[in-house]
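Engineer: Structure file query.txt (compact mmCIF, C-alpha atoms) is given on the next line.
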# COMPACT_ATOMS: atom_id res chain seq x y z
CA MET W 1 52.82 -201.83 -61.44
CA ARG W 2 53.04 -202.44 -65.18
CA SER W 3 55.73 -204.24 -67.08
CA GLY W 4 58.02 -202.15 -69.26
CA THR W 5 55.57 -202.50 -72.12
CA GLY W 6 52.44 -201.94 -70.04
CA ALA W 7 51.41 -205.55 -69.40
CA VAL W 8 50.90 -207.45 -66.15
CA PRO W 9 54.44 -208.36 -65.10
CA ASP W 10 55.70 -211.90 -64.59
CA TRP W 11 58.92 -210.86 -62.87
CA TYR W 12 59.52 -208.65 -59.85
CA TYR W 13 62.64 -207.65 -57.96
CA GLU W 14 62.44 -210.93 -56.01
CA ASP W 15 62.66 -212.95 -59.24
CA LEU W 16 65.86 -211.26 -60.39
CA THR W 17 68.23 -213.39 -58.34
CA PRO W 18 71.99 -212.95 -58.70
CA GLY W 19 73.31 -215.43 -61.22
CA ARG W 20 70.08 -215.58 -63.22
CA VAL W 21 70.76 -215.42 -66.96
CA PHE W 22 68.36 -214.16 -69.63
CA ASP W 23 68.68 -214.97 -73.32
CA LEU W 24 68.04 -211.79 -75.33
CA GLY W 25 67.79 -213.51 -78.70
CA VAL W 26 69.74 -212.84 -81.88
CA VAL W 27 69.61 -209.72 -84.05
CA GLU W 28 71.06 -209.34 -87.54
CA VAL W 29 72.69 -205.98 -88.25
CA ASP W 30 70.89 -204.29 -91.15
CA GLY W 31 73.45 -202.35 -93.20
CA ALA W 32 71.03 -199.67 -94.41
CA GLU W 33 69.72 -199.01 -90.91
CA MET W 34 73.26 -199.02 -89.47
CA LEU W 35 74.31 -196.37 -92.01
CA ALA W 36 71.17 -194.25 -91.54
CA PHE W 37 71.71 -194.23 -87.77
CA ALA W 38 75.34 -193.15 -88.18
CA ARG W 39 74.47 -190.40 -90.68
CA ARG W 40 72.04 -188.92 -88.18
CA PHE W 41 73.83 -189.43 -84.86
CA ASP W 42 77.48 -190.35 -85.38
CA PRO W 43 78.72 -189.22 -88.81
CA GLN W 44 82.36 -190.19 -88.37
CA TRP W 45 84.11 -191.44 -91.50
CA TYR W 46 84.44 -195.07 -90.42
CA HIS W 47 80.66 -195.12 -89.84
CA VAL W 48 79.47 -193.24 -92.95
CA ASP W 49 82.14 -193.16 -95.69
CA PRO W 50 82.33 -196.56 -97.39
CA VAL W 51 85.42 -195.69 -99.45
CA LEU W 52 87.52 -194.42 -96.54
CA ALA W 53 86.29 -197.28 -94.35
CA GLN W 54 87.15 -199.86 -97.02
CA GLU W 55 90.67 -198.46 -97.38
CA SER W 56 91.22 -198.38 -93.61
CA GLY W 57 92.17 -201.09 -91.18
CA TYR W 58 88.47 -201.71 -90.62
CA GLY W 59 88.00 -202.96 -94.18
CA GLY W 60 84.47 -201.58 -94.36
CA LEU W 61 81.87 -199.49 -92.55
CA ILE W 62 81.51 -200.27 -88.85
CA ALA W 63 78.50 -199.58 -86.68
CA SER W 64 78.28 -196.61 -84.35
CA GLY W 65 78.66 -197.89 -80.81
CA TRP W 66 75.38 -196.12 -80.01
CA PHE W 67 73.61 -198.16 -82.67
CA THR W 68 75.03 -201.36 -81.19
CA ALA W 69 73.94 -200.27 -77.71
CA SER W 70 70.47 -199.46 -79.06
CA LEU W 71 70.20 -202.94 -80.60
CA PHE W 72 71.08 -204.38 -77.20
CA MET W 73 68.38 -202.23 -75.58
CA ARG W 74 65.73 -203.57 -77.94
CA GLY W 75 66.61 -207.15 -77.02
CA TYR W 76 66.49 -206.22 -73.33
CA VAL W 77 63.01 -204.72 -73.75
CA ASP W 78 61.66 -207.63 -75.81
CA HIS W 79 63.04 -210.41 -73.63
CA VAL W 80 63.08 -208.95 -70.11
CA LEU W 81 61.50 -205.53 -69.55
CA SER W 82 58.30 -206.46 -71.38
CA ARG W 83 57.72 -209.10 -68.69
CA ALA W 84 59.23 -207.35 -65.67
CA ALA W 85 57.85 -204.78 -63.20
CA ALA W 86 60.42 -202.30 -64.39
CA ALA W 87 60.75 -198.68 -63.42
CA ALA W 88 63.40 -196.56 -65.09
CA SER W 89 67.17 -196.97 -65.04
CA PRO W 90 69.46 -194.48 -63.35
CA GLY W 91 72.17 -195.09 -65.89
CA VAL W 92 75.11 -197.15 -67.03
CA GLU W 93 78.14 -198.02 -64.90
CA GLU W 94 80.42 -199.03 -67.74
CA MET W 95 80.07 -199.74 -71.44
CA ARG W 96 82.80 -201.26 -73.60
CA TRP W 97 82.81 -201.55 -77.37
CA LYS W 98 85.09 -204.57 -77.61
CA ALA W 99 85.21 -205.18 -81.36
CA PRO W 100 83.88 -203.56 -84.54
CA VAL W 101 80.38 -204.50 -85.72
CA TYR W 102 79.67 -204.87 -89.44
CA ALA W 103 76.56 -205.02 -91.62
CA GLY W 104 75.21 -208.56 -91.70
CA ASP W 105 76.68 -209.54 -88.34
CA LYS W 106 74.41 -211.68 -86.22
CA LEU W 107 74.60 -210.63 -82.57
CA ALA W 108 73.42 -212.80 -79.69
CA GLY W 109 72.37 -210.97 -76.53
CA GLU W 110 72.59 -212.13 -72.95
CA LEU W 111 71.78 -210.51 -69.61
CA VAL W 112 73.13 -211.65 -66.25
CA VAL W 113 71.92 -210.49 -62.84
CA THR W 114 75.06 -209.80 -60.81
CA ASP W 115 73.74 -208.23 -57.61
CA ARG W 116 70.74 -206.49 -56.08
CA GLU W 117 69.59 -204.54 -53.05
CA PRO W 118 66.49 -202.67 -51.91
CA SER W 119 66.61 -199.08 -53.14
CA ARG W 120 67.69 -196.69 -50.40
CA THR W 121 65.91 -193.76 -51.98
CA ARG W 122 62.81 -195.38 -53.48
CA PRO W 123 60.60 -197.44 -51.17
CA GLY W 124 58.91 -200.33 -52.96
CA LEU W 125 61.70 -200.56 -55.49
CA GLY W 126 64.84 -202.63 -55.65
CA THR W 127 68.03 -201.88 -57.51
CA VAL W 128 69.26 -204.73 -59.70
CA HIS W 129 72.81 -204.82 -61.03
CA LEU W 130 73.03 -206.25 -64.52
CA THR W 131 75.66 -207.11 -67.09
CA GLY W 132 74.58 -207.21 -70.71
CA THR W 133 76.62 -208.67 -73.55
CA LEU W 134 76.31 -208.88 -77.32
CA ARG W 135 78.41 -211.56 -78.98
CA ARG W 136 78.93 -212.01 -82.71
CA LEU W 137 77.87 -215.40 -83.97
CA ALA W 138 80.59 -217.32 -85.79
CA ASP W 139 79.43 -220.50 -87.50
CA GLY W 140 76.19 -220.11 -85.58
CA GLU W 141 77.87 -220.09 -82.16
CA PRO W 142 78.36 -217.04 -79.91
CA ASP W 143 81.94 -215.86 -80.24
CA ALA W 144 83.89 -212.94 -78.73
CA PRO W 145 81.81 -210.07 -77.30
CA VAL W 146 81.35 -206.85 -79.27
CA LEU W 147 79.53 -205.00 -76.47
CA VAL W 148 79.66 -205.39 -72.69
CA MET W 149 77.60 -203.14 -70.47
CA ARG W 150 77.27 -202.98 -66.71
CA PHE W 151 74.21 -201.07 -65.59
CA ARG W 152 71.48 -200.91 -62.97
CA GLY W 153 67.72 -201.12 -63.20
CA TRP W 154 64.96 -200.34 -60.75
CA PHE W 155 62.28 -203.01 -60.34
CA ALA W 156 59.17 -203.10 -58.15
CA ARG W 157 59.16 -205.41 -55.16
CA ARG W 158 56.41 -207.99 -55.16
CA ASP W 159 55.33 -206.85 -51.72
CA GLY W 160 55.92 -203.18 -52.59
CA MET Q 1 95.66 -188.85 -89.45
CA ARG Q 2 92.19 -187.64 -90.39
CA SER Q 3 89.67 -185.88 -88.22
CA GLY Q 4 86.58 -187.82 -87.20
CA THR Q 5 84.85 -186.69 -90.37
CA GLY Q 6 87.83 -187.21 -92.66
CA ALA Q 7 89.23 -183.68 -92.77
CA VAL Q 8 92.66 -182.34 -91.83
CA PRO Q 9 92.48 -182.04 -88.04
CA ASP Q 10 92.92 -178.81 -86.07
CA TRP Q 11 93.25 -180.52 -82.71
CA TYR Q 12 95.56 -183.29 -81.53
CA TYR Q 13 96.07 -184.97 -78.17
CA GLU Q 14 98.33 -182.09 -77.15
CA ASP Q 15 95.51 -179.57 -77.66
CA LEU Q 16 93.11 -181.41 -75.39
CA THR Q 17 94.40 -179.97 -72.13
CA PRO Q 18 92.68 -180.78 -68.84
CA GLY Q 19 90.16 -178.07 -68.04
CA ARG Q 20 89.49 -177.20 -71.66
CA VAL Q 21 85.76 -176.77 -72.33
CA PHE Q 22 83.99 -177.26 -75.67
CA ASP Q 23 80.56 -175.86 -76.47
CA LEU Q 24 78.54 -178.54 -78.28
CA GLY Q 25 75.72 -176.23 -79.32
CA VAL Q 26 72.00 -176.59 -78.72
CA VAL Q 27 69.66 -179.23 -80.11
CA GLU Q 28 65.85 -179.18 -80.00
CA VAL Q 29 64.21 -182.54 -79.32
CA ASP Q 30 61.94 -183.47 -82.24
CA GLY Q 31 58.91 -185.31 -80.88
CA ALA Q 32 58.34 -187.43 -83.99
CA GLU Q 33 61.96 -188.53 -84.15
CA MET Q 34 62.03 -189.20 -80.40
CA LEU Q 35 59.00 -191.48 -80.74
CA ALA Q 36 60.29 -193.25 -83.85
CA PHE Q 37 63.58 -193.98 -82.10
CA ALA Q 38 61.78 -195.42 -79.06
CA ARG Q 39 59.44 -197.57 -81.19
CA ARG Q 40 62.46 -199.13 -82.86
CA PHE Q 41 64.95 -199.44 -80.01
CA ASP Q 42 63.27 -198.89 -76.64
CA PRO Q 43 59.51 -199.54 -76.83
CA GLN Q 44 58.73 -199.12 -73.15
CA TRP Q 45 55.35 -197.56 -72.37
CA TYR Q 46 56.68 -194.25 -71.07
CA HIS Q 47 58.58 -193.83 -74.35
CA VAL Q 48 55.90 -195.00 -76.83
CA ASP Q 49 52.38 -194.93 -75.29
CA PRO Q 50 51.17 -191.32 -75.09
CA VAL Q 51 48.04 -192.20 -73.08
CA LEU Q 52 49.84 -194.19 -70.38
CA ALA Q 53 52.64 -191.62 -70.27
CA GLN Q 54 50.17 -188.75 -69.93
CA GLU Q 55 48.42 -190.48 -67.03
CA SER Q 56 51.71 -191.28 -65.28
CA GLY Q 57 53.94 -189.17 -63.10
CA TYR Q 58 55.86 -188.22 -66.25
CA GLY Q 59 52.88 -186.31 -67.65
CA GLY Q 60 53.81 -187.19 -71.23
CA LEU Q 61 56.17 -189.24 -73.37
CA ILE Q 62 59.81 -189.08 -72.34
CA ALA Q 63 62.83 -189.77 -74.52
CA SER Q 64 64.69 -193.05 -74.46
CA GLY Q 65 67.98 -192.46 -72.71
CA TRP Q 66 69.69 -193.93 -75.77
CA PHE Q 67 68.09 -191.25 -77.95
CA THR Q 68 69.35 -188.55 -75.58
CA ALA Q 69 72.83 -190.09 -75.61
CA SER Q 70 72.72 -190.24 -79.42
CA LEU Q 71 71.82 -186.54 -79.59
CA PHE Q 72 74.84 -185.82 -77.38
CA MET Q 73 77.03 -187.88 -79.71
CA ARG Q 74 75.95 -185.83 -82.73
CA GLY Q 75 76.93 -182.61 -80.97
CA TYR Q 76 80.27 -184.14 -80.01
CA VAL Q 77 80.95 -185.13 -83.64
CA ASP Q 78 79.88 -181.76 -85.07
CA HIS Q 79 81.75 -179.58 -82.59
CA VAL Q 80 84.81 -181.63 -81.62
CA LEU Q 81 85.48 -184.88 -83.48
CA SER Q 82 85.04 -183.26 -86.90
CA ARG Q 83 88.06 -181.08 -86.06
CA ALA Q 84 90.11 -183.51 -83.97
CA ALA Q 85 92.59 -186.27 -84.85
CA ALA Q 86 90.26 -188.80 -83.30
CA ALA Q 87 90.60 -192.54 -83.32
CA ALA Q 88 87.85 -194.65 -81.79
CA SER Q 89 86.61 -194.71 -78.22
CA PRO Q 90 87.06 -197.71 -75.95
CA GLY Q 91 83.79 -196.99 -74.20
CA VAL Q 92 81.94 -195.15 -71.50
CA GLU Q 93 82.93 -195.03 -67.82
CA GLU Q 94 79.60 -193.83 -66.50
CA MET Q 95 76.38 -192.44 -67.92
CA ARG Q 96 73.60 -190.91 -65.86
CA TRP Q 97 70.13 -189.97 -67.06
CA LYS Q 98 69.46 -187.26 -64.52
CA ALA Q 99 66.01 -186.03 -65.55
CA PRO Q 100 63.34 -186.89 -68.13
CA VAL Q 101 63.62 -185.35 -71.60
CA TYR Q 102 60.47 -184.26 -73.44
CA ALA Q 103 59.58 -183.35 -77.01
CA GLY Q 104 60.43 -179.72 -77.69
CA ASP Q 105 63.13 -179.53 -75.03
CA LYS Q 106 66.18 -177.53 -76.05
CA LEU Q 107 69.35 -179.21 -74.85
CA ALA Q 108 72.71 -177.45 -74.58
CA GLY Q 109 75.79 -179.66 -74.81
CA GLU Q 110 79.17 -179.18 -73.21
CA LEU Q 111 82.35 -181.24 -73.13
CA VAL Q 112 85.13 -180.87 -70.55
CA VAL Q 113 88.58 -182.45 -70.72
CA THR Q 114 89.25 -183.86 -67.26
CA ASP Q 115 92.49 -185.78 -67.68
CA ARG Q 116 94.78 -187.38 -70.25
CA GLU Q 117 97.75 -189.69 -70.64
CA PRO Q 118 99.70 -191.35 -73.44
CA SER Q 119 98.09 -194.66 -74.36
CA ARG Q 120 99.94 -197.60 -72.87
CA THR Q 121 98.76 -199.97 -75.56
CA ARG Q 122 98.67 -197.76 -78.66
CA PRO Q 123 101.85 -195.88 -79.57
CA GLY Q 124 101.14 -192.55 -81.23
CA LEU Q 125 97.82 -192.21 -79.45
CA GLY Q 126 96.82 -190.54 -76.24
CA THR Q 127 93.87 -191.32 -74.03
CA VAL Q 128 91.74 -188.30 -73.14
CA HIS Q 129 89.24 -188.41 -70.27
CA LEU Q 130 86.11 -186.44 -71.00
CA THR Q 131 82.89 -185.47 -69.27
CA GLY Q 132 79.93 -184.61 -71.48
CA THR Q 133 76.75 -182.94 -70.28
CA LEU Q 134 73.40 -182.05 -71.80
CA ARG Q 135 71.42 -179.38 -69.93
CA ARG Q 136 67.84 -178.38 -70.65
CA LEU Q 137 67.48 -174.70 -71.46
CA ALA Q 138 65.05 -172.84 -69.21
CA ASP Q 139 64.25 -169.28 -70.29
CA GLY Q 140 67.15 -169.62 -72.71
CA GLU Q 141 69.71 -170.42 -70.02
CA PRO Q 142 71.25 -173.87 -69.36
CA ASP Q 143 69.52 -175.39 -66.33
CA ALA Q 144 69.87 -178.74 -64.54
CA PRO Q 145 71.58 -181.54 -66.49
CA VAL Q 146 69.53 -184.29 -68.14
CA LEU Q 147 72.57 -186.37 -69.20
CA VAL Q 148 76.06 -186.65 -67.76
CA MET Q 149 78.59 -189.00 -69.30
CA ARG Q 150 82.17 -189.76 -68.38
CA PHE Q 151 84.07 -191.45 -71.16
CA ARG Q 152 87.44 -191.73 -72.85
CA GLY Q 153 88.61 -191.02 -76.35
CA TRP Q 154 91.77 -191.89 -78.22
CA PHE Q 155 93.43 -189.05 -80.12
CA ALA Q 156 96.57 -188.97 -82.25
CA ARG Q 157 99.63 -187.26 -80.84
CA ARG Q 158 100.93 -184.38 -82.96
CA ASP Q 159 104.38 -185.96 -82.99
CA GLY Q 160 102.92 -189.48 -83.38
Would you mind writing the file's structure down as structure tokens?

Structural biologist:
Amino acid sequence: MRSGTGAVPDWYYEDLTPGRVFDLGVVEVDGAEMLAFARRFDPQWYHVDPVLAQESGYGGLIASGWFTASLFMRGYVDHVLSRAAAAASPGVEEMRWKAPVYAGDKLAGELVVTDREPSRTRPGLGTVHLTGTLRRLADGEPDAPVLVMRFRGWFARRDG
Amino acid sequence: MRSGTGAVPDWYYEDLTPGRVFDLGVVEVDGAEMLAFARRFDPQWYHVDPVLAQESGYGGLIASGWFTASLFMRGYVDHVLSRAAAAASPGVEEMRWKAPVYAGDKLAGELVVTDREPSRTRPGLGTVHLTGTLRRLADGEPDAPVLVMRFRGWFARRDG
């Protein structure tokens, strides 16, 4: 079994114990990339029209929620999946965009293992329940969340 | 109230009746874009390493689920939000990646209104429950789904 990035894994299902917390690092939102993403995938006015966005209650362009989720995913790959015996994910249980994200925001990611069980359908794999969060940094400290996601991942069992 | 792309809207909350179905068109998965997305946001081996992916059960590179979801979003904007009095979305209830997506796949999108109610917290808005699906075309006909997403959207009421 490889890690998510093809390396020898450090972490298996058995290591992902409920309550374990992973730091996913900090990412700064690049305004040009945020806009390019929205133009391609989510061209709504508050994502792509700086004049309308400025005049609105948002006070400026806000990120597509799919861009924010994709930034979270990159932190999850870099800090967890690259070291874990990860198979695919069946999907997302719930995703909430809690607050607007702006160019220049610094977002701190965190992942918490909430539950786990052996997969009923896939021998050798375990299903791990995860909650991921991105919080905007305010004065360098993580503040209110902008993204909260509950999802599941499949991981190989060490004895699998 | 503007449409999602800033135009005068055709559709309000009242027009989004349960059971109504919207065709979101067909998108062809561009292999270069699929790979570039994965390198930036989801660099797991089955998304970015053609040799490992070819040798695996996948038989080739598969799309990041976030790329597939982003392709769905673009169809939703082009075919619905651009004509609807849409506010933001609070999030996603459930998202399932049902089958791998490959370069060159043609994906047909569909959106179904499943339920709706006036927003309890936002006067003038209604909450619309939606199920979005992307199906791979096989011999030109929509086949098994690759993405199913249940989510909610806020839309302005015509009398709001």

Engineer: Quick one: residues within 8 Å of (82.2, -196.4, -76.0) (file frame), counting only C-alpha atoms, please, as a PyMOL selection string.

Structural biologist: (chain W and resi 65-66+95-97) or (chain Q and resi 89-92+151-152)

Engineer: I'd like to know which of W:Ala103, W:Phe67, W:Ser56, W:Gly124 is closest to Q:Met1, using all atoms listed in the file.

Structural biologist: W:Ser56

Engineer: In Å, with one decimal, what is the gap from atom CA of Q:Pro145 to atom CA of Q:His129?

Structural biologist: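 According to the coordinates, atom CA of Q:Pro145 and atom CA of Q:His129 are separated by 19.3 Å.
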
Engineer: Atom CA of Q:Val27 and atom CA of W:Trp154, how far apart in Å?

Structural biologist: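 Separating atom CA of W:Trp154 from atom CA of Q:Val27 is a distance of 29.0 Å.
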
Engineer: Excluding stretch 105-107 of chain Q and residues on its chain fewer than 3 positions from it, collect all residues at most 9 Å away from it, counting all atoms listed in the file, and give them as a ChimeraX atom specification.

Structural biologist: /Q:25-30,72,101-102,134-138,140,142,145-146

Engineer: Present chain Q as a short mmCIF file (atom, residue, chain, number, x, y, z; two decimals) with C-alpha atoms, keeping the file's coordinate frame, least-squares fitted onto chain W over all of its C-alpha atoms paired in order.

Structural biologist:
data_model
loop_
_atom_site.label_atom_id
_atom_site.label_comp_id
_atom_site.auth_asym_id
_atom_site.auth_seq_id
_atom_site.Cartn_x
_atom_site.Cartn_y
_atom_site.Cartn_z
CA MET Q 1 52.81 -201.84 -61.43
CA ARG Q 2 53.04 -202.44 -65.17
CA SER Q 3 55.74 -204.24 -67.09
CA GLY Q 4 58.02 -202.14 -69.27
CA THR Q 5 55.57 -202.49 -72.13
CA GLY Q 6 52.45 -201.94 -70.05
CA ALA Q 7 51.42 -205.54 -69.40
CA VAL Q 8 50.90 -207.43 -66.14
CA PRO Q 9 54.44 -208.36 -65.09
CA ASP Q 10 55.71 -211.91 -64.58
CA TRP Q 11 58.91 -210.86 -62.86
CA TYR Q 12 59.51 -208.64 -59.84
CA TYR Q 13 62.64 -207.64 -57.95
CA GLU Q 14 62.43 -210.91 -56.02
CA ASP Q 15 62.67 -212.94 -59.24
CA LEU Q 16 65.85 -211.25 -60.38
CA THR Q 17 68.23 -213.38 -58.34
CA PRO Q 18 71.99 -212.95 -58.69
CA GLY Q 19 73.31 -215.44 -61.23
CA ARG Q 20 70.09 -215.58 -63.21
CA VAL Q 21 70.75 -215.43 -66.96
CA PHE Q 22 68.35 -214.16 -69.64
CA ASP Q 23 68.67 -214.97 -73.32
CA LEU Q 24 68.04 -211.80 -75.34
CA GLY Q 25 67.81 -213.53 -78.70
CA VAL Q 26 69.74 -212.84 -81.88
CA VAL Q 27 69.61 -209.73 -84.05
CA GLU Q 28 71.07 -209.34 -87.55
CA VAL Q 29 72.69 -205.98 -88.26
CA ASP Q 30 70.91 -204.29 -91.18
CA GLY Q 31 73.47 -202.36 -93.21
CA ALA Q 32 71.05 -199.68 -94.41
CA GLU Q 33 69.74 -199.01 -90.92
CA MET Q 34 73.27 -199.02 -89.48
CA LEU Q 35 74.31 -196.36 -92.00
CA ALA Q 36 71.19 -194.25 -91.54
CA PHE Q 37 71.72 -194.24 -87.78
CA ALA Q 38 75.35 -193.14 -88.18
CA ARG Q 39 74.47 -190.39 -90.69
CA ARG Q 40 72.03 -188.94 -88.18
CA PHE Q 41 73.82 -189.43 -84.86
CA ASP Q 42 77.48 -190.35 -85.39
CA PRO Q 43 78.72 -189.23 -88.82
CA GLN Q 44 82.36 -190.18 -88.38
CA TRP Q 45 84.10 -191.44 -91.52
CA TYR Q 46 84.43 -195.06 -90.43
CA HIS Q 47 80.66 -195.13 -89.84
CA VAL Q 48 79.47 -193.23 -92.95
CA ASP Q 49 82.14 -193.14 -95.71
CA PRO Q 50 82.33 -196.56 -97.39
CA VAL Q 51 85.42 -195.67 -99.46
CA LEU Q 52 87.51 -194.41 -96.54
CA ALA Q 53 86.30 -197.28 -94.36
CA GLN Q 54 87.15 -199.84 -97.03
CA GLU Q 55 90.67 -198.45 -97.38
CA SER Q 56 91.21 -198.37 -93.61
CA GLY Q 57 92.18 -201.08 -91.18
CA TYR Q 58 88.46 -201.69 -90.62
CA GLY Q 59 88.00 -202.95 -94.18
CA GLY Q 60 84.46 -201.58 -94.37
CA LEU Q 61 81.88 -199.49 -92.54
CA ILE Q 62 81.51 -200.27 -88.86
CA ALA Q 63 78.50 -199.58 -86.67
CA SER Q 64 78.28 -196.61 -84.36
CA GLY Q 65 78.65 -197.88 -80.83
CA TRP Q 66 75.39 -196.12 -80.01
CA PHE Q 67 73.62 -198.17 -82.69
CA THR Q 68 75.03 -201.37 -81.20
CA ALA Q 69 73.95 -200.28 -77.72
CA SER Q 70 70.48 -199.46 -79.07
CA LEU Q 71 70.20 -202.94 -80.61
CA PHE Q 72 71.07 -204.39 -77.19
CA MET Q 73 68.38 -202.24 -75.59
CA ARG Q 74 65.72 -203.58 -77.96
CA GLY Q 75 66.62 -207.16 -77.02
CA TYR Q 76 66.49 -206.23 -73.34
CA VAL Q 77 63.01 -204.71 -73.75
CA ASP Q 78 61.66 -207.63 -75.81
CA HIS Q 79 63.03 -210.42 -73.63
CA VAL Q 80 63.08 -208.95 -70.11
CA LEU Q 81 61.51 -205.53 -69.55
CA SER Q 82 58.30 -206.47 -71.39
CA ARG Q 83 57.74 -209.11 -68.69
CA ALA Q 84 59.23 -207.34 -65.67
CA ALA Q 85 57.86 -204.79 -63.18
CA ALA Q 86 60.43 -202.31 -64.38
CA ALA Q 87 60.74 -198.69 -63.42
CA ALA Q 88 63.40 -196.56 -65.09
CA SER Q 89 67.16 -196.98 -65.03
CA PRO Q 90 69.46 -194.49 -63.33
CA GLY Q 91 72.16 -195.11 -65.90
CA VAL Q 92 75.10 -197.15 -67.03
CA GLU Q 93 78.14 -198.03 -64.90
CA GLU Q 94 80.41 -199.03 -67.75
CA MET Q 95 80.08 -199.75 -71.45
CA ARG Q 96 82.80 -201.27 -73.60
CA TRP Q 97 82.82 -201.56 -77.37
CA LYS Q 98 85.08 -204.57 -77.61
CA ALA Q 99 85.21 -205.18 -81.37
CA PRO Q 100 83.88 -203.56 -84.56
CA VAL Q 101 80.39 -204.50 -85.73
CA TYR Q 102 79.68 -204.87 -89.45
CA ALA Q 103 76.58 -205.03 -91.63
CA GLY Q 104 75.21 -208.56 -91.70
CA ASP Q 105 76.68 -209.53 -88.34
CA LYS Q 106 74.41 -211.68 -86.21
CA LEU Q 107 74.59 -210.63 -82.58
CA ALA Q 108 73.42 -212.80 -79.68
CA GLY Q 109 72.37 -210.97 -76.52
CA GLU Q 110 72.59 -212.13 -72.94
CA LEU Q 111 71.77 -210.51 -69.61
CA VAL Q 112 73.12 -211.66 -66.24
CA VAL Q 113 71.92 -210.50 -62.83
CA THR Q 114 75.05 -209.80 -60.80
CA ASP Q 115 73.74 -208.24 -57.61
CA ARG Q 116 70.73 -206.51 -56.07
CA GLU Q 117 69.58 -204.54 -53.05
CA PRO Q 118 66.49 -202.67 -51.89
CA SER Q 119 66.62 -199.08 -53.12
CA ARG Q 120 67.69 -196.69 -50.39
CA THR Q 121 65.91 -193.76 -51.97
CA ARG Q 122 62.80 -195.37 -53.48
CA PRO Q 123 60.59 -197.44 -51.17
CA GLY Q 124 58.91 -200.32 -52.96
CA LEU Q 125 61.71 -200.56 -55.50
CA GLY Q 126 64.83 -202.63 -55.64
CA THR Q 127 68.03 -201.89 -57.49
CA VAL Q 128 69.25 -204.74 -59.69
CA HIS Q 129 72.82 -204.83 -61.03
CA LEU Q 130 73.02 -206.25 -64.51
CA THR Q 131 75.66 -207.11 -67.08
CA GLY Q 132 74.57 -207.21 -70.71
CA THR Q 133 76.62 -208.67 -73.55
CA LEU Q 134 76.30 -208.87 -77.31
CA ARG Q 135 78.42 -211.57 -78.98
CA ARG Q 136 78.91 -211.99 -82.71
CA LEU Q 137 77.85 -215.40 -83.96
CA ALA Q 138 80.58 -217.32 -85.78
CA ASP Q 139 79.44 -220.51 -87.50
CA GLY Q 140 76.20 -220.11 -85.57
CA GLU Q 141 77.87 -220.10 -82.16
CA PRO Q 142 78.35 -217.03 -79.91
CA ASP Q 143 81.95 -215.86 -80.23
CA ALA Q 144 83.89 -212.94 -78.72
CA PRO Q 145 81.81 -210.07 -77.31
CA VAL Q 146 81.35 -206.85 -79.28
CA LEU Q 147 79.53 -205.00 -76.46
CA VAL Q 148 79.65 -205.40 -72.70
CA MET Q 149 77.60 -203.14 -70.46
CA ARG Q 150 77.26 -202.99 -66.71
CA PHE Q 151 74.21 -201.08 -65.58
CA ARG Q 152 71.47 -200.92 -62.98
CA GLY Q 153 67.73 -201.15 -63.19
CA TRP Q 154 64.97 -200.35 -60.74
CA PHE Q 155 62.27 -203.00 -60.34
CA ALA Q 156 59.17 -203.09 -58.16
CA ARG Q 157 59.17 -205.37 -55.15
CA ARG Q 158 56.40 -207.98 -55.16
CA ASP Q 159 55.33 -206.84 -51.70
CA GLY Q 160 55.91 -203.16 -52.57
#

Engineer: Any idea which chain Q residues end up within 10 Å of chain W if we count all atoms listed in the file, as an MDAnalysis selection string please?

Structural biologist: chainID Q and resid 2:7 37:49 52 64:67 69:78 81:82 86:99 147:151

Engineer: Would you compute the distance between atom CA of W:Met34 and atom CA of W:Gly57? Give it in Å to one decimal.

Structural biologist: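 Result for atom CA of W:Met34 versus atom CA of W:Gly57: 19.1 Å, one decimal.
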
Engineer: Centre and edge lengths of an axis-aligned box around all listed atoms of stretch 96-111 of chain W, with 3 Å added on each side, are to be given in Å to one decimal, as JSON.

Structural biologist:
{"center_x": 78.5, "center_y": -207.0, "center_z": -80.7, "size_x": 19.4, "size_y": 17.5, "size_z": 28.1}

Engineer: For Q:Thr127, work out the shell of residues within 9 Å, counting all atoms listed in the file and skipping chain neighbours fewer than 5 positions away, then give it as a VMD selection string.

Structural biologist: chain Q and resid 13 115 to 120 152 to 156

Engineer: Have a look at W:Val128, W:Ala32, W:Ala85, W:Val8 and name the one nearest to W:Gly104; count all atoms listed in the file.

Structural biologist: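 For W:Gly104, the nearest of the candidates is W:Ala32.
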